Structure formats: structure tokens, C-alpha cells
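J.: Sharing target00.json here; it has JSON, C-alpha atoms.
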```json
[["chain", "number", "residue", "atom", "x", "y", "z"],
["A", 1, "MET", "CA", 0.00, 0.00, 0.00],
["A", 2, "ARG", "CA", 1.38, 3.39, -0.97],
["A", 3, "TRP", "CA", 0.46, 4.98, 2.35],
["A", 4, "ASP", "CA", 2.73, 2.51, 4.15],
["A", 5, "SER", "CA", 5.59, 2.77, 1.67],
["A", 6, "GLU", "CA", 5.63, 6.57, 1.79],
["A", 7, "LEU", "CA", 4.93, 7.25, 5.50],
["A", 8, "ASP", "CA", 4.84, 3.96, 7.41],
["A", 9, "TRP", "CA", 2.90, 5.51, 10.28],
["A", 10, "GLN", "CA", 1.58, 2.77, 12.51],
["A", 11, "LYS", "CA", -2.10, 2.60, 13.46],
["A", 12, "SER", "CA", -1.24, 3.80, 16.95],
["A", 13, "GLU", "CA", 0.28, 6.97, 15.46],
["A", 14, "VAL", "CA", -3.04, 7.82, 13.78],
["A", 15, "LYS", "CA", -5.71, 6.49, 16.13],
["A", 16, "ASP", "CA", -7.57, 9.20, 18.08],
["A", 17, "LYS", "CA", -5.39, 11.92, 16.46],
["A", 18, "LEU", "CA", -6.25, 15.07, 14.54],
["A", 19, "VAL", "CA", -4.62, 14.38, 11.17],
["A", 20, "ILE", "CA", -4.52, 16.72, 8.19],
["A", 21, "GLU", "CA", -3.55, 16.02, 4.58],
["A", 22, "PHE", "CA", -2.24, 18.75, 2.28],
["A", 23, "GLY", "CA", -3.61, 18.06, -1.19],
["A", 24, "SER", "CA", -6.28, 15.49, -0.41],
["A", 25, "GLY", "CA", -7.73, 15.26, -3.92],
["A", 26, "ALA", "CA", -10.59, 12.77, -4.05],
["A", 27, "GLY", "CA", -9.70, 11.53, -0.57],
["A", 28, "ARG", "CA", -7.92, 8.20, -1.09],
["A", 29, "PHE", "CA", -5.46, 8.75, 1.78],
["A", 30, "VAL", "CA", -8.00, 10.48, 4.02],
["A", 31, "ASP", "CA", -9.98, 7.27, 3.60],
["A", 32, "ILE", "CA", -7.07, 5.29, 5.09],
["A", 33, "VAL", "CA", -6.58, 7.73, 7.97],
["A", 34, "SER", "CA", -10.29, 7.63, 8.73],
["A", 35, "ARG", "CA", -10.44, 3.83, 8.75],
["A", 36, "ARG", "CA", -7.38, 3.64, 11.01],
["A", 37, "GLY", "CA", -9.25, 5.46, 13.73],
["A", 38, "ALA", "CA", -8.27, 9.12, 13.51],
["A", 39, "LYS", "CA", -10.36, 11.39, 15.72],
["A", 40, "TRP", "CA", -10.57, 13.74, 12.74],
["A", 41, "ALA", "CA", -9.19, 13.11, 9.25],
["A", 42, "VAL", "CA", -9.04, 16.51, 7.57],
["A", 43, "GLY", "CA", -8.32, 16.95, 3.87],
["A", 44, "VAL", "CA", -7.26, 20.31, 2.42],
["A", 45, "ASP", "CA", -7.23, 21.01, -1.30],
["A", 46, "ILE", "CA", -7.34, 24.23, -3.29],
["A", 47, "THR", "CA", -9.28, 22.65, -6.14],
["A", 48, "GLY", "CA", -12.87, 21.55, -6.60],
["A", 49, "ALA", "CA", -11.71, 18.00, -5.82],
["A", 50, "VAL", "CA", -13.05, 18.59, -2.31],
["A", 51, "ASP", "CA", -16.55, 18.22, -3.74],
["A", 52, "ALA", "CA", -15.73, 14.78, -5.16],
["A", 53, "ALA", "CA", -14.06, 13.89, -1.87],
["A", 54, "MET", "CA", -17.19, 14.83, 0.06],
["A", 55, "ASP", "CA", -19.25, 12.66, -2.28],
["A", 56, "ASN", "CA", -16.87, 9.76, -1.59],
["A", 57, "LEU", "CA", -16.36, 10.11, 2.16],
["A", 58, "GLY", "CA", -18.76, 12.77, 3.42],
["A", 59, "ASP", "CA", -20.80, 10.23, 5.35],
["A", 60, "ARG", "CA", -17.85, 9.38, 7.63],
["A", 61, "PRO", "CA", -18.33, 10.88, 11.11],
["A", 62, "ASN", "CA", -14.59, 11.64, 11.47],
["A", 63, "VAL", "CA", -13.91, 13.16, 8.01],
["A", 64, "ILE", "CA", -13.99, 16.76, 6.85],
["A", 65, "PHE", "CA", -12.69, 18.46, 3.71],
["A", 66, "VAL", "CA", -11.69, 22.11, 3.42],
["A", 67, "GLN", "CA", -11.06, 24.05, 0.23],
["A", 68, "ALA", "CA", -8.14, 26.33, 1.05],
["A", 69, "ASP", "CA", -4.83, 27.71, -0.19],
["A", 70, "PHE", "CA", -1.70, 26.15, 1.36],
["A", 71, "PHE", "CA", -0.25, 29.65, 1.61],
["A", 72, "LYS", "CA", -3.31, 31.18, 3.34],
["A", 73, "LEU", "CA", -4.38, 28.48, 5.76],
["A", 74, "PRO", "CA", -7.45, 28.96, 7.99],
["A", 75, "PHE", "CA", -5.86, 26.99, 10.86],
["A", 76, "ARG", "CA", -3.96, 28.14, 13.93],
["A", 77, "GLU", "CA", -0.42, 26.99, 14.65],
["A", 78, "GLY", "CA", -0.27, 23.73, 16.59],
["A", 79, "THR", "CA", -3.83, 22.70, 15.77],
["A", 80, "PHE", "CA", -3.10, 19.18, 14.50],
["A", 81, "ASP", "CA", -1.37, 16.09, 15.84],
["A", 82, "ASN", "CA", -0.07, 14.90, 12.46],
["A", 83, "ALA", "CA", 0.24, 16.43, 8.99],
["A", 84, "TYR", "CA", 1.30, 14.88, 5.71],
["A", 85, "SER", "CA", 1.31, 15.41, 1.98],
["A", 86, "ILE", "CA", 1.79, 12.70, -0.65],
["A", 87, "GLY", "CA", 2.42, 13.71, -4.25],
["A", 88, "VAL", "CA", 1.08, 17.26, -4.14],
["A", 89, "LEU", "CA", 3.45, 19.95, -2.86],
["A", 90, "HIS", "CA", 5.72, 19.58, -5.91],
["A", 91, "HIS", "CA", 2.86, 21.06, -7.96],
["A", 92, "THR", "CA", 2.77, 24.29, -5.93],
["A", 93, "PRO", "CA", 4.65, 27.50, -6.82],
["A", 94, "ASP", "CA", 6.81, 27.27, -3.66],
["A", 95, "PRO", "CA", 6.88, 23.71, -2.25],
["A", 96, "GLU", "CA", 9.34, 24.49, 0.57],
["A", 97, "THR", "CA", 7.15, 27.31, 1.93],
["A", 98, "ALA", "CA", 4.08, 25.08, 1.65],
["A", 99, "PHE", "CA", 5.94, 22.41, 3.64],
["A", 100, "HIS", "CA", 6.89, 24.86, 6.39],
["A", 101, "ASN", "CA", 3.28, 26.09, 6.54],
["A", 102, "MET", "CA", 2.28, 22.47, 7.03],
["A", 103, "THR", "CA", 4.74, 21.93, 9.89],
["A", 104, "LYS", "CA", 3.56, 25.08, 11.68],
["A", 105, "ILE", "CA", 0.04, 23.75, 12.23],
["A", 106, "VAL", "CA", 1.38, 20.57, 13.90],
["A", 107, "ASN", "CA", 1.65, 20.61, 17.68],
["A", 108, "GLU", "CA", 4.85, 20.00, 19.64],
["A", 109, "GLU", "CA", 4.13, 16.27, 20.01],
["A", 110, "GLY", "CA", 3.18, 15.75, 16.37],
["A", 111, "LEU", "CA", 4.43, 13.98, 13.26],
["A", 112, "VAL", "CA", 5.11, 15.31, 9.77],
["A", 113, "GLY", "CA", 5.30, 13.32, 6.54],
["A", 114, "LEU", "CA", 6.14, 14.36, 2.98],
["A", 115, "SER", "CA", 6.41, 12.59, -0.36],
["A", 116, "VAL", "CA", 7.38, 14.43, -3.57],
["A", 117, "TYR", "CA", 8.71, 13.64, -7.03],
["A", 118, "GLU", "CA", 12.29, 12.42, -7.22],
["A", 119, "ILE", "CA", 14.72, 13.81, -9.80],
["A", 120, "SER", "CA", 15.72, 10.27, -10.76],
["A", 121, "LEU", "CA", 12.53, 8.45, -11.68],
["A", 122, "TYR", "CA", 13.76, 4.86, -11.61],
["A", 123, "PRO", "CA", 16.14, 2.79, -9.42],
["A", 124, "ARG", "CA", 19.26, 3.42, -11.44],
["A", 125, "PRO", "CA", 22.36, 1.26, -10.71],
["A", 126, "ASN", "CA", 25.51, 3.15, -9.77],
["A", 127, "ARG", "CA", 27.58, 1.56, -12.53],
["A", 128, "ASN", "CA", 27.37, 3.00, -16.02],
["A", 129, "THR", "CA", 26.91, 0.61, -18.92],
["A", 130, "LEU", "CA", 25.50, 1.00, -22.41],
["A", 131, "LYS", "CA", 22.29, -0.63, -21.17],
["A", 132, "VAL", "CA", 22.02, 1.81, -18.26],
["A", 133, "VAL", "CA", 22.59, 4.97, -20.28],
["A", 134, "THR", "CA", 20.18, 3.71, -22.94],
["A", 135, "LYS", "CA", 17.56, 3.38, -20.22],
["A", 136, "ASP", "CA", 18.48, 6.92, -19.12],
["A", 137, "LEU", "CA", 17.79, 8.08, -22.66],
["A", 138, "LEU", "CA", 14.42, 6.32, -22.76],
["A", 139, "TRP", "CA", 13.43, 7.86, -19.43],
["A", 140, "THR", "CA", 14.42, 11.28, -20.74],
["A", 141, "LEU", "CA", 12.30, 10.75, -23.83],
["A", 142, "ASN", "CA", 9.38, 9.72, -21.63],
["A", 143, "LEU", "CA", 9.80, 12.90, -19.59],
["A", 144, "TRP", "CA", 9.75, 14.88, -22.82],
["A", 145, "ARG", "CA", 6.56, 13.05, -23.81],
["A", 146, "CYS", "CA", 4.95, 13.93, -20.47],
["A", 147, "GLU", "CA", 5.89, 17.60, -20.71],
["A", 148, "PHE", "CA", 4.69, 17.74, -24.31],
["A", 149, "PHE", "CA", 1.27, 16.38, -23.34],
["A", 150, "ARG", "CA", 1.13, 18.54, -20.21],
["A", 151, "PHE", "CA", 1.52, 21.67, -22.35],
["A", 152, "PHE", "CA", -1.92, 20.87, -23.79],
["A", 153, "THR", "CA", -3.69, 18.99, -20.99],
["A", 154, "SER", "CA", -2.93, 21.66, -18.38],
["A", 155, "ARG", "CA", -4.76, 24.14, -20.59],
["A", 156, "MET", "CA", -7.81, 21.99, -21.27],
["A", 157, "PRO", "CA", -11.16, 22.83, -19.62],
["A", 158, "GLU", "CA", -11.24, 21.02, -16.30],
["A", 159, "GLY", "CA", -14.44, 19.15, -17.08],
["A", 160, "LEU", "CA", -13.12, 17.88, -20.40],
["A", 161, "PHE", "CA", -9.92, 16.48, -18.92],
["A", 162, "LEU", "CA", -11.83, 14.93, -16.02],
["A", 163, "ALA", "CA", -14.02, 13.16, -18.57],
["A", 164, "TYR", "CA", -10.88, 11.94, -20.38],
["A", 165, "CYS", "CA", -9.52, 10.51, -17.10],
["A", 166, "LYS", "CA", -12.85, 8.95, -16.18],
["A", 167, "TYR", "CA", -13.77, 7.30, -19.48],
["A", 168, "PHE", "CA", -10.64, 6.90, -21.64],
["A", 169, "VAL", "CA", -7.87, 6.23, -19.11],
["A", 170, "PRO", "CA", -9.59, 3.00, -17.89],
["A", 171, "ILE", "CA", -9.29, 1.67, -21.46],
["A", 172, "LEU", "CA", -5.55, 2.46, -21.45],
["A", 173, "HIS", "CA", -5.27, 0.93, -17.97],
["A", 174, "TYR", "CA", -6.44, -2.48, -19.19],
["A", 175, "ILE", "CA", -4.50, -2.27, -22.46],
["A", 176, "ASN", "CA", -1.43, -1.65, -20.30],
["A", 177, "LYS", "CA", -1.81, -5.17, -18.89],
["A", 178, "VAL", "CA", -1.39, -6.80, -22.33],
["A", 179, "PRO", "CA", 2.18, -7.56, -23.51],
["A", 180, "ILE", "CA", 3.33, -5.50, -26.50],
["A", 181, "LEU", "CA", -0.04, -3.73, -26.75],
["A", 182, "ARG", "CA", 0.77, -1.98, -23.47],
["A", 183, "TYR", "CA", 3.07, 0.43, -25.29],
["A", 184, "ILE", "CA", 0.06, 1.98, -27.02],
["A", 185, "ARG", "CA", -0.66, 3.95, -23.86],
["A", 186, "TYR", "CA", 2.52, 5.99, -24.36],
["A", 187, "LEU", "CA", 0.84, 7.61, -27.35],
["A", 188, "PHE", "CA", -1.60, 9.31, -24.96],
["A", 189, "PRO", "CA", -1.28, 11.30, -21.75],
["A", 190, "SER", "CA", -1.58, 8.60, -19.11],
["A", 191, "THR", "CA", -0.11, 7.22, -15.93],
["A", 192, "CYS", "CA", -1.19, 3.58, -15.90],
["A", 193, "TYR", "CA", -0.39, 0.74, -13.53],
["A", 194, "ARG", "CA", -0.41, -3.01, -14.08],
["A", 195, "THR", "CA", -0.70, -4.02, -10.41],
["A", 196, "LEU", "CA", -2.82, -1.22, -8.91],
["A", 197, "PRO", "CA", -6.58, -0.57, -9.24],
["A", 198, "VAL", "CA", -7.88, 1.34, -12.23],
["A", 199, "GLU", "CA", -8.89, 4.23, -9.95],
["A", 200, "TRP", "CA", -5.20, 4.89, -9.24],
["A", 201, "SER", "CA", -4.47, 5.18, -12.97],
["A", 202, "MET", "CA", -7.35, 7.63, -13.35],
["A", 203, "LEU", "CA", -6.34, 9.76, -10.36],
["A", 204, "ASP", "CA", -2.61, 9.82, -11.11],
["A", 205, "THR", "CA", -3.20, 10.67, -14.77],
["A", 206, "HIS", "CA", -5.18, 13.68, -13.62],
["A", 207, "ASP", "CA", -2.58, 14.61, -10.99],
["A", 208, "SER", "CA", 0.28, 14.29, -13.48],
["A", 209, "TYR", "CA", -1.20, 16.08, -16.47],
["A", 210, "ALA", "CA", -3.70, 18.64, -15.16],
["A", 211, "THR", "CA", -1.07, 20.75, -13.40],
["A", 212, "LYS", "CA", 1.23, 23.32, -14.96],
["A", 213, "ILE", "CA", 3.96, 23.15, -12.27],
["A", 214, "VAL", "CA", 6.25, 20.19, -11.54],
["A", 215, "HIS", "CA", 9.21, 20.29, -9.15],
["A", 216, "GLN", "CA", 11.56, 17.35, -8.55],
["A", 217, "TYR", "CA", 13.92, 16.75, -5.63],
["A", 218, "ARG", "CA", 16.69, 14.63, -4.20],
["A", 219, "HIS", "CA", 16.41, 13.02, -0.78],
["A", 220, "LYS", "CA", 19.09, 15.31, 0.63],
["A", 221, "ASP", "CA", 17.11, 18.38, -0.49],
["A", 222, "ILE", "CA", 14.03, 17.34, 1.48],
["A", 223, "PHE", "CA", 16.18, 16.21, 4.40],
["A", 224, "GLN", "CA", 17.39, 19.81, 4.67],
["A", 225, "TRP", "CA", 13.80, 21.03, 4.78],
["A", 226, "PHE", "CA", 13.18, 18.76, 7.77],
["A", 227, "LEU", "CA", 16.31, 20.04, 9.49],
["A", 228, "LYS", "CA", 15.31, 23.69, 8.90],
["A", 229, "ALA", "CA", 11.91, 22.91, 10.41],
["A", 230, "LYS", "CA", 13.77, 21.59, 13.50],
["A", 231, "LEU", "CA", 12.22, 18.15, 13.19],
["A", 232, "PHE", "CA", 13.60, 15.08, 14.94],
["A", 233, "ASN", "CA", 13.59, 11.35, 14.22],
["A", 234, "ILE", "CA", 13.94, 12.04, 10.50],
["A", 235, "VAL", "CA", 13.49, 8.88, 8.44],
["A", 236, "VAL", "CA", 14.20, 8.56, 4.72],
["A", 237, "HIS", "CA", 11.81, 5.87, 3.52],
["A", 238, "ASN", "CA", 12.60, 3.27, 0.90],
["A", 239, "GLY", "CA", 9.38, 3.96, -0.97],
["A", 240, "ARG", "CA", 8.36, 3.59, -4.58],
["A", 241, "ALA", "CA", 10.77, 4.44, -7.39],
["A", 242, "GLY", "CA", 10.39, 8.05, -8.46],
["A", 243, "TRP", "CA", 9.48, 9.36, -5.01],
["A", 244, "VAL", "CA", 11.33, 11.10, -2.18],
["A", 245, "SER", "CA", 9.57, 10.25, 1.09],
["A", 246, "LEU", "CA", 10.53, 11.39, 4.60],
["A", 247, "THR", "CA", 8.89, 11.57, 8.00],
["A", 248, "GLY", "CA", 9.88, 13.37, 11.18],
["A", 249, "SER", "CA", 8.57, 14.45, 14.56],
["A", 250, "LYS", "CA", 8.30, 17.78, 16.34],
["A", 251, "LYS", "CA", 9.68, 16.26, 19.54],
["A", 252, "GLU", "CA", 12.69, 13.99, 19.93],
["A", 253, "LYS", "CA", 11.67, 10.54, 21.17],
["A", 254, "PRO", "CA", 12.75, 6.91, 20.87],
["A", 255, "TYR", "CA", 11.82, 5.64, 17.44],
["A", 256, "GLN", "CA", 9.64, 2.55, 17.32],
["A", 257, "HIS", "CA", 11.02, 0.88, 14.18],
["A", 258, "GLU", "CA", 14.37, -0.75, 14.88],
["A", 259, "ARG", "CA", 14.96, -1.45, 11.19],
["A", 260, "TYR", "CA", 15.41, 2.27, 10.48],
["A", 261, "VAL", "CA", 18.40, 4.51, 11.04],
["A", 262, "VAL", "CA", 17.08, 7.85, 12.25],
["A", 263, "ALA", "CA", 18.68, 11.25, 12.41],
["A", 264, "SER", "CA", 18.04, 14.18, 14.71],
["A", 265, "PRO", "CA", 19.29, 17.76, 14.31],
["A", 266, "GLY", "CA", 22.40, 18.60, 16.31],
["A", 267, "ILE", "CA", 23.16, 15.12, 17.62],
["A", 268, "PRO", "CA", 26.66, 13.87, 16.74],
["A", 269, "GLY", "CA", 26.85, 10.54, 15.02],
["A", 270, "THR", "CA", 23.32, 10.55, 13.58]]
```
Show me, as C-alpha cells, the structure contained in the file I just sent.
T.:
Amino acid sequence: MRWDSELDWQKSEVKDKLVIEFGSGAGRFVDIVSRRGAKWAVGVDITGAVDAAMDNLGDRPNVIFVQADFFKLPFREGTFDNAYSIGVLHHTPDPETAFHNMTKIVNEEGLVGLSVYEISLYPRPNRNTLKVVTKDLLWTLNLWRCEFFRFFTSRMPEGLFLAYCKYFVPILHYINKVPILRYIRYLFPSTCYRTLPVEWSMLDTHDSYATKIVHQYRHKDIFQWFLKAKLFNIVVHNGRAGWVSLTGSKKEKPYQHERYVVASPGIPGT
């Protein structure tokens, strides 16, 4: 599950907490937070996706969605126990400022999680070979393809592109499961998966191609953001290829997962 690979927050770290998501979209991660027992699972999004999210999850007694700007938040500092953002802040004009705004509304006992696009989009080996650099070239061409399509899709009427994602992307999703034929989907703007539900292909196609802004980062870049925010117990997660995912806490405390090496600001040897 992507939630676990990007954040790995245990159920006990969510249960009975006030948890907020920056960029909740249609609510797929708010759904997880809600089902894991959060006191309140709050989703914030600047777009009209909050309406779709309310249609999906509005009947949950512990769920609320707010349409708001990440740079003009209607919340006081220290309001929430946990805050996270998965795959959204890299589409904002100033992702680092949006991140620091997110950390400010977390209380002194809280947790912060962030996942953004990685500069390197596949698990590249550290040894150069003809095969490796050829794959680099193909990835570069795919990035060019994405940016070419985004030039048009980001300018399409919102309703038209939503219809494309809802009705045409599912066709590409299932074609993508067929050997050889799967390459047809590269002729169209799409982000399709062979092992994930069709809804993920629909949502991620919209997320990838409806926006005009895309930032990419290295793990050490985001690690510095966490240090500037004076976060402790900083963990770099071994998540999905193409993603930089870190978590941290406002207060230094023993970390529960012995398999991780954690770092805290100002402590020698970490």
C-alpha cells in the first residue's frame, strides 16, 4: 500500500489523532486515515476536488474536507497532531514554503510526513553501462513526452480532462496489462499501472497532467527542509521508485522501528 511505503505511520500513530492532509484530492489517503481510527481526518485542497471527496467520504463521522490555499491556511499553529502530503506539494509555486506552513500547524508532540517527485525516476544502478545509459535516454524521452502532453492537458477545460480521465484512461489501464499492446498507452497522456486498481491510474493521470507546475527533488534536499523545520527522528523511507519520502517528529523521542536509522538535528553521530 502506498500509504505505508511513503509514510509507514503505525495505526497507533493515527488512532484518536487530529490528522490533516495537504492536497487530499478525491480523498484516497483520508480514507485510510479515517479507517485507522483518527479522531478527525481533515483533507485540504485548493481545487474543486473537495466536492468529489465529500461525495466519496462525506458520510464518515470523522472526516472533513476544506477548500483552502496552502499559503493562506485557515488553521492556527499547533492545531493538528499529524500532517502529511503525498504527491502534491511539488505542484505548488513554492513547495518548501508550503511544507513549512504544514509543519507550523502541527503541535509539539506531532508527526510530519512528505512525499514528492524524485529527480531520478527509476532505481538506477551506480555503474554505467550501455544498457544503463540507454535506459536513461528512454526515461528522458518519456519525460519529454509527459511535458509535451502537459503543455496541452494543463490548458484543457477542467471538465473535459476529467471526462478523459474517467472514461478513456480505464481503457488504457487495461490495455497496459497486455504484452506489446501496453506500449500503445505511451501515445496518450496517461499514468497507468499493471498491479494497482484502475482508480489509481485515473487519479494519477489527472494529478500528473492537469497541473502546470512540476518540481523534482533529491532526498538530501528534502532532508534539509526537515532540518530547517527543526524536526527530529527524520526517516528517509525506501518507498516507490520516483518518489522522495521522509517523515519526522516535532519532539525527539525513541523511534519505534528498529529497522530504520534515524537522524536528529544537532546530535553527533546521527
J.: Can I get the residues of region 78-192 of chain A within 12 Å of region 211-229 of chain A, each with the closest pair of atoms and their distance in Å to one decimal, using all atoms listed in the file, sorted chain first then ascending number, as CSV?
T.:
```
residue,atom,partner,partner_atom,distance
A:Gly87,CA,A:Val214,CA,10.5
A:Val88,CA,A:Val214,CA,9.5
A:Leu89,CA,A:His215,CA,8.5
A:His90,CA,A:His215,CA,4.8
A:His91,CA,A:Ile213,CA,4.9
A:Thr92,CA,A:Ile213,CA,6.6
A:Pro93,CA,A:Ile213,CA,7.0
A:Asp94,CA,A:His215,CA,9.2
A:Pro95,CA,A:His215,CA,8.0
A:Glu96,CA,A:Trp225,CA,7.0
A:Thr97,CA,A:Trp225,CA,9.6
A:Ala98,CA,A:Trp225,CA,11.0
A:Phe99,CA,A:Trp225,CA,8.1
A:His100,CA,A:Ala229,CA,6.7
A:Asn101,CA,A:Ala229,CA,10.0
A:Met102,CA,A:Ala229,CA,10.2
A:Thr103,CA,A:Ala229,CA,7.3
A:Lys104,CA,A:Ala229,CA,8.7
A:Val106,CA,A:Ala229,CA,11.3
A:Glu108,CA,A:Ala229,CA,12.0
A:Leu111,CA,A:Phe226,CA,11.4
A:Val112,CA,A:Phe226,CA,9.0
A:Gly113,CA,A:Phe226,CA,9.7
A:Leu114,CA,A:Ile222,CA,8.6
A:Ser115,CA,A:Ile222,CA,9.2
A:Val116,CA,A:Gln216,CA,7.1
A:Tyr117,CA,A:Gln216,CA,4.9
A:Glu118,CA,A:Tyr217,CA,4.9
A:Ile119,CA,A:Gln216,CA,4.9
A:Ser120,CA,A:Arg218,CA,7.9
A:Leu121,CA,A:Gln216,CA,9.5
A:Leu143,CA,A:Val214,CA,11.4
A:Cys146,CA,A:Val214,CA,11.0
A:Glu147,CA,A:Lys212,CA,9.4
A:Phe148,CA,A:Lys212,CA,11.4
A:Phe149,CA,A:Lys212,CA,10.9
A:Arg150,CA,A:Lys212,CA,7.1
A:Phe151,CA,A:Lys212,CA,7.6
A:Phe152,CA,A:Lys212,CA,9.7
A:Thr153,CA,A:Thr211,CA,8.2
A:Ser154,CA,A:Thr211,CA,5.4
A:Arg155,CA,A:Lys212,CA,8.3
A:Met156,CA,A:Thr211,CA,10.4
A:Glu158,CA,A:Thr211,CA,10.6
A:Phe161,CA,A:Thr211,CA,11.3
```
J.: Next, the residues of the selection above should be written as a tab-separated table (two decimals), in the coordinates of the input with C-alpha atoms.
T.:
```tsv
chain	number	residue	atom	x	y	z
A	87	GLY	CA	2.42	13.71	-4.25
A	88	VAL	CA	1.08	17.26	-4.14
A	89	LEU	CA	3.45	19.95	-2.86
A	90	HIS	CA	5.72	19.58	-5.91
A	91	HIS	CA	2.86	21.06	-7.96
A	92	THR	CA	2.77	24.29	-5.93
A	93	PRO	CA	4.65	27.50	-6.82
A	94	ASP	CA	6.81	27.27	-3.66
A	95	PRO	CA	6.88	23.71	-2.25
A	96	GLU	CA	9.34	24.49	0.57
A	97	THR	CA	7.15	27.31	1.93
A	98	ALA	CA	4.08	25.08	1.65
A	99	PHE	CA	5.94	22.41	3.64
A	100	HIS	CA	6.89	24.86	6.39
A	101	ASN	CA	3.28	26.09	6.54
A	102	MET	CA	2.28	22.47	7.03
A	103	THR	CA	4.74	21.93	9.89
A	104	LYS	CA	3.56	25.08	11.68
A	106	VAL	CA	1.38	20.57	13.90
A	108	GLU	CA	4.85	20.00	19.64
A	111	LEU	CA	4.43	13.98	13.26
A	112	VAL	CA	5.11	15.31	9.77
A	113	GLY	CA	5.30	13.32	6.54
A	114	LEU	CA	6.14	14.36	2.98
A	115	SER	CA	6.41	12.59	-0.36
A	116	VAL	CA	7.38	14.43	-3.57
A	117	TYR	CA	8.71	13.64	-7.03
A	118	GLU	CA	12.29	12.42	-7.22
A	119	ILE	CA	14.72	13.81	-9.80
A	120	SER	CA	15.72	10.27	-10.76
A	121	LEU	CA	12.53	8.45	-11.68
A	143	LEU	CA	9.80	12.90	-19.59
A	146	CYS	CA	4.95	13.93	-20.47
A	147	GLU	CA	5.89	17.60	-20.71
A	148	PHE	CA	4.69	17.74	-24.31
A	149	PHE	CA	1.27	16.38	-23.34
A	150	ARG	CA	1.13	18.54	-20.21
A	151	PHE	CA	1.52	21.67	-22.35
A	152	PHE	CA	-1.92	20.87	-23.79
A	153	THR	CA	-3.69	18.99	-20.99
A	154	SER	CA	-2.93	21.66	-18.38
A	155	ARG	CA	-4.76	24.14	-20.59
A	156	MET	CA	-7.81	21.99	-21.27
A	158	GLU	CA	-11.24	21.02	-16.30
A	161	PHE	CA	-9.92	16.48	-18.92
```
J.: Separation of CA of Met54 (chain A) and CA of Ala26 (chain A), in Å?
T.: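 Value for the CA of Met54 (chain A)-CA of Ala26 (chain A) distance: 8.0 Å.
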J.: Write out as a list in words each polymer residue whose atoms come within 12 Å of Glu6 (chain A), counting all atoms listed in the file; drop sequence neighbours fewer than 3 positions from it.
T.: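 The filter keeps Met1, Arg2, Trp3, Trp9, Phe29, Tyr84, Ser85, Ile86, Gly87, Val112, Gly113, Leu114, Ser115, Val116, Tyr117, Val235, Val236, His237, Asn238, Gly239, Arg240, Ala241, Gly242, Trp243, Val244, Ser245, Leu246 and Thr247 of chain A.
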J.: Just the residues within 12 Å of Ala49 (chain A), please, counting all atoms listed in the file, with nothing from its chain fewer than 4 positions along; format it as a list of chain:residue names.
T.: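 With the cut-off at 12 Å, the set is A:Gly23, A:Ser24, A:Gly25, A:Ala26, A:Gly27, A:Arg28, A:Gly43, A:Val44, A:Asp45, A:Ala53, A:Met54, A:Asp55, A:Asn56, A:Phe65, A:Val66, A:Gln67, A:Ala68, A:Glu158, A:Gly159, A:Leu162, A:Leu203, A:His206, A:Asp207.
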J.: From the list A:Tyr186, A:Phe75, A:Phe80, A:Trp40, which residue is nearest Trp144 (chain A) when using only C-alpha atoms?
T.: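 Smallest distance to Trp144 (chain A) is found for A:Tyr186.
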J.: Please reconstruct the missing atoms of region 169-182 of chain A (target: N, CA and C atoms) and return them as a PDB file, in the frame of the given file.
T.:
```
ATOM      1  N   VAL A 169      -9.020   6.810 -19.825  1.00  0.00           N
ATOM      2  CA  VAL A 169      -7.870   6.230 -19.110  1.00  0.00           C
ATOM      3  C   VAL A 169      -8.139   4.788 -18.666  1.00  0.00           C
ATOM      4  N   PRO A 170      -9.359   4.410 -18.220  1.00  0.00           N
ATOM      5  CA  PRO A 170      -9.590   3.000 -17.890  1.00  0.00           C
ATOM      6  C   PRO A 170      -9.313   2.054 -19.062  1.00  0.00           C
ATOM      7  N   ILE A 171      -9.594   2.492 -20.292  1.00  0.00           N
ATOM      8  CA  ILE A 171      -9.290   1.670 -21.460  1.00  0.00           C
ATOM      9  C   ILE A 171      -7.773   1.461 -21.563  1.00  0.00           C
ATOM     10  N   LEU A 172      -7.015   2.554 -21.399  1.00  0.00           N
ATOM     11  CA  LEU A 172      -5.550   2.460 -21.450  1.00  0.00           C
ATOM     12  C   LEU A 172      -5.029   1.604 -20.294  1.00  0.00           C
ATOM     13  N   HIS A 173      -5.687   1.709 -19.140  1.00  0.00           N
ATOM     14  CA  HIS A 173      -5.270   0.930 -17.970  1.00  0.00           C
ATOM     15  C   HIS A 173      -5.273  -0.564 -18.275  1.00  0.00           C
ATOM     16  N   TYR A 174      -6.330  -1.047 -18.917  1.00  0.00           N
ATOM     17  CA  TYR A 174      -6.440  -2.480 -19.190  1.00  0.00           C
ATOM     18  C   TYR A 174      -5.588  -2.883 -20.399  1.00  0.00           C
ATOM     19  N   ILE A 175      -5.433  -1.991 -21.362  1.00  0.00           N
ATOM     20  CA  ILE A 175      -4.500  -2.270 -22.460  1.00  0.00           C
ATOM     21  C   ILE A 175      -3.092  -2.411 -21.927  1.00  0.00           C
ATOM     22  N   ASN A 176      -2.765  -1.633 -20.879  1.00  0.00           N
ATOM     23  CA  ASN A 176      -1.430  -1.650 -20.300  1.00  0.00           C
ATOM     24  C   ASN A 176      -1.077  -3.005 -19.673  1.00  0.00           C
ATOM     25  N   LYS A 177      -2.050  -3.847 -19.457  1.00  0.00           N
ATOM     26  CA  LYS A 177      -1.810  -5.170 -18.890  1.00  0.00           C
ATOM     27  C   LYS A 177      -1.481  -6.221 -19.950  1.00  0.00           C
ATOM     28  N   VAL A 178      -1.599  -5.846 -21.227  1.00  0.00           N
ATOM     29  CA  VAL A 178      -1.390  -6.800 -22.330  1.00  0.00           C
ATOM     30  C   VAL A 178       0.015  -6.620 -22.903  1.00  0.00           C
ATOM     31  N   PRO A 179       0.827  -7.677 -22.943  1.00  0.00           N
ATOM     32  CA  PRO A 179       2.180  -7.560 -23.510  1.00  0.00           C
ATOM     33  C   PRO A 179       2.155  -6.971 -24.914  1.00  0.00           C
ATOM     34  N   ILE A 180       3.145  -6.182 -25.208  1.00  0.00           N
ATOM     35  CA  ILE A 180       3.330  -5.500 -26.500  1.00  0.00           C
ATOM     36  C   ILE A 180       2.289  -4.391 -26.697  1.00  0.00           C
ATOM     37  N   LEU A 181       0.994  -4.743 -26.587  1.00  0.00           N
ATOM     38  CA  LEU A 181      -0.040  -3.730 -26.750  1.00  0.00           C
ATOM     39  C   LEU A 181       0.073  -2.623 -25.702  1.00  0.00           C
ATOM     40  N   ARG A 182       0.678  -2.945 -24.566  1.00  0.00           N
ATOM     41  CA  ARG A 182       0.770  -1.980 -23.470  1.00  0.00           C
ATOM     42  C   ARG A 182       1.468  -0.690 -23.864  1.00  0.00           C
TER      43      ARG A 182
END
```
